[in-house]
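All remarks here apply to the structure that follows.
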Amino acid sequence: MLEVKNLCVRYNAGDSAPALSDVSFSLAKGERIALTGNNGAGKSTLLSALVGILLPEQGSVIFDGLELRSGGGSLRDTVDAFRRRIGFVMQNPDDQLFTPTVYDDIAFGLRSQDAPEEEVGKKVDGVMNALGIAALKDRLTHRLSGGEKRLATLAGVLVMEPDLLLLDEPATFLDPPGRERLIAILAGLDQSMIIATHDLGMAECLCNRILRLDRGRIV
Ligand SMILES: Nc1ncnc2c1ncn2[C@@H]1O[C@H](COP(=O)(O)OP(=O)(O)OP(=O)(O)O)[C@@H](O)[C@H]1O
Ligand SMILES: [Mg+2]
């Protein structure tokens with residue numbers, strides 16, 4: 001489903017070392033990979049590169065036959081196609097929440113696909129109930145607690161039912177019951193996932209393979 005070939009990503013032209021060097025791996029449909037490594041190892045950089053937020057300096061990312069590479073043909077169309085099918089929960093929820101209320105934020109993606117409002121309501125309510133955040137429906141996103149923000153961003157991505165889920169530290173900010181509920185929800189999904197995490201217990205529960213990064217390289 002996903003193939004990463006010799007991926008090299010550099011934030012600034014003048015940087016002495018790239019943030020990712022020669023990263024290659026593949027992910028089969030339904031597979032769940034945990035991405036581990038110390039702070040600054042390149043986990044978030046890799047997830048961002050898989051959805052075209054960062055572009056490869058060298059190498060490429062291929063998702064179901066579609067190739068994302070710098071200087072490639074219609075890059076905009078490729079990035080759009082990737083984002084329609086790949087859901088990304090960013091490490092910092094503040095980078096992801098942008099509409100005033102929780103409900104509207106979770107509904108945003110479905111509405112932008114012109115889904116009928118009745119269907120939007122059903123799906124948004126369903127995912128909020130599953131994550132235990134139904135009571136937050138009308139709250140202002142910027143006034144939520146850290147864990148509440150995390151759950152709202154997860155809901156906004158899960159509601160889209162993407163084929164591949166990229167989760168960057170999904171359990172941070174969550175209390176123990178929230179973490180358990182999240183693990184149970186993720187375990188019940190059949191989508192492919194890459195989960196960047198320091199939480200090895202969660203990785204063990206959910207993933208069949210671990211990729212470890214060290215200073216931008218897979219070790
Ligand atoms: N916007 C940026 N501009 C320049 N360098 C960056 C930027 N974001 C990250 N970096 C650098 O790239 C490297 C990889 O960072 P990244 O955020 O991918 O690490 P990480 O493995 O996700 O770490 P953490 O466990 O702390 O989340 C680090 O050296 C970091 O300082
Ligand atoms: Mg990170």
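As shown in the structure tokens, the chain order sets the letters A, B, ...; within each chain, residues go from 1, and ligands are also counted from 1 in the order they appear.
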Worksheet item: Using only C-alpha atoms, which residues sit within 7 Å of stretch 81-91 of chain A once same-chain residues fewer than 6 positions away are excluded, as a ChimeraX atom specification?
Response: /A:51,153-154,157,162-169
Fill in: Distance filter 12 Å around ligand 2, atoms: only C-alpha atoms and all ligand atoms, out as a VMD selection string
chain A and resid 19 35 to 48 89 to 92 167 to 170 172 195 to 198 213 216
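For the residues A:Leu136, A:Leu211, A:Cys205, A:Val79, ranking by smallest atom-to-atom distance to ligand 1 using only C-alpha atoms and all ligand atoms places A:Leu211 first.
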Worksheet item: Could you state the separation of atom CA of A:Ile210 and atom CA of A:Gly146 in Å, given to one decimal place?
Response: 27.0 Å
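Closest to ligand 1 among A:Arg10, A:Lys123, A:Lys137, A:Arg69 is A:Arg10, based on only C-alpha atoms and all ligand atoms.
The smallest atom-to-atom distance between A:Asp80 and any of A:Ala155, A:Leu97, A:Leu189, A:Ile53, using only C-alpha atoms, is found for A:Ile53.
In this model, the gap between atom CA of A:Asn208 and atom CA of A:Ala184 comes to 15.6 Å.
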Fill in: Shortest interatomic distance to A:Arg76 - which of A:Ala130, A:Phe98, A:Gly52, A:Ala13, counting only C-alpha atoms
A:Gly52
Discussion item. Using Å and a single decimal, report how far atom CA of A:Lys149 sits from atom 12 (O, counted along the ligand's line) of ligand 1.
Written reply: 24.3 Å
Practice prompt. Could you tell me, as a PyMOL selection string, which residues of stretch 5-137 of chain A DSSP assigns to strand (DSSP E or B) when given the backbone?
Written response: chain A and resi 5-9+20-27+32-36+58-63+66-68+86-89+101
Fill in: Within 12 Å of A:Arg179 using only C-alpha atoms, minus same-chain residues under 4 positions, as a list in words
Leu131, Gly132, Gly147, Glu148, Arg150, Leu151, Glu169, Pro170, Ala171, Thr172, Phe173, Leu174, Asp175, Ile183, Ala184, Ile185, Leu186, Asp199, Gly201, Met202 and Cys205 of chain A
Item to complete: From a DSSP calculation on the backbone, collect every residue of stretch 7-213 of chain A in alpha helix (DSSP H) and output the set as a ChimeraX atom specification.
Response: /A:43-50,75-85,102-112,117-131,146-158,176-187,200-206
Practice prompt. Mind checking which residues fall within 12 Å of A:Gly121, counting only C-alpha atoms, ignoring those fewer than 2 positions away in the same chain, and posting them as a ChimeraX atom specification?
Written response: /A:103-104,106-108,110-111,115-119,123-129,134,137,159
Expected file contents, prior selection, C-alpha atoms, as a JSON list (two decimals), in the first residue's frame:
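Result file follows (selection-v3.json):
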[["chain", "number", "residue", "atom", "x", "y", "z"],
["A", 103, "TYR", "CA", -18.62, 19.77, 16.32],
["A", 104, "ASP", "CA", -17.80, 21.99, 13.34],
["A", 106, "ILE", "CA", -14.93, 17.31, 13.40],
["A", 107, "ALA", "CA", -17.52, 17.87, 10.66],
["A", 108, "PHE", "CA", -15.24, 20.02, 8.49],
["A", 110, "LEU", "CA", -17.10, 15.61, 5.57],
["A", 111, "ARG", "CA", -18.75, 18.95, 4.78],
["A", 115, "ALA", "CA", -21.74, 15.10, 2.47],
["A", 116, "PRO", "CA", -25.45, 15.58, 3.30],
["A", 117, "GLU", "CA", -25.88, 17.21, 6.73],
["A", 118, "GLU", "CA", -27.86, 14.23, 8.04],
["A", 119, "GLU", "CA", -24.98, 11.87, 7.26],
["A", 123, "LYS", "CA", -20.99, 10.15, 11.64],
["A", 124, "VAL", "CA", -19.81, 13.00, 13.86],
["A", 125, "ASP", "CA", -22.09, 11.92, 16.72],
["A", 126, "GLY", "CA", -20.93, 8.32, 16.28],
["A", 127, "VAL", "CA", -17.23, 9.14, 16.51],
["A", 128, "MET", "CA", -17.75, 11.56, 19.42],
["A", 129, "ASN", "CA", -19.64, 8.88, 21.35],
["A", 134, "ALA", "CA", -20.16, 13.88, 23.07],
["A", 137, "LYS", "CA", -19.95, 19.16, 21.00],
["A", 159, "VAL", "CA", -14.65, 10.39, 10.99]]
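Comparing A:Ile33, A:Met1, A:Val61, A:Ile218 by their smallest distance to ligand 1, the closest is A:Ile218 (using only C-alpha atoms and all ligand atoms).
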Discussion item. From the options A:Arg181, A:Arg143, A:Val102, A:Pro56, which residue's atoms come nearest to A:Val9, counting only C-alpha atoms?
Written reply: A:Pro56
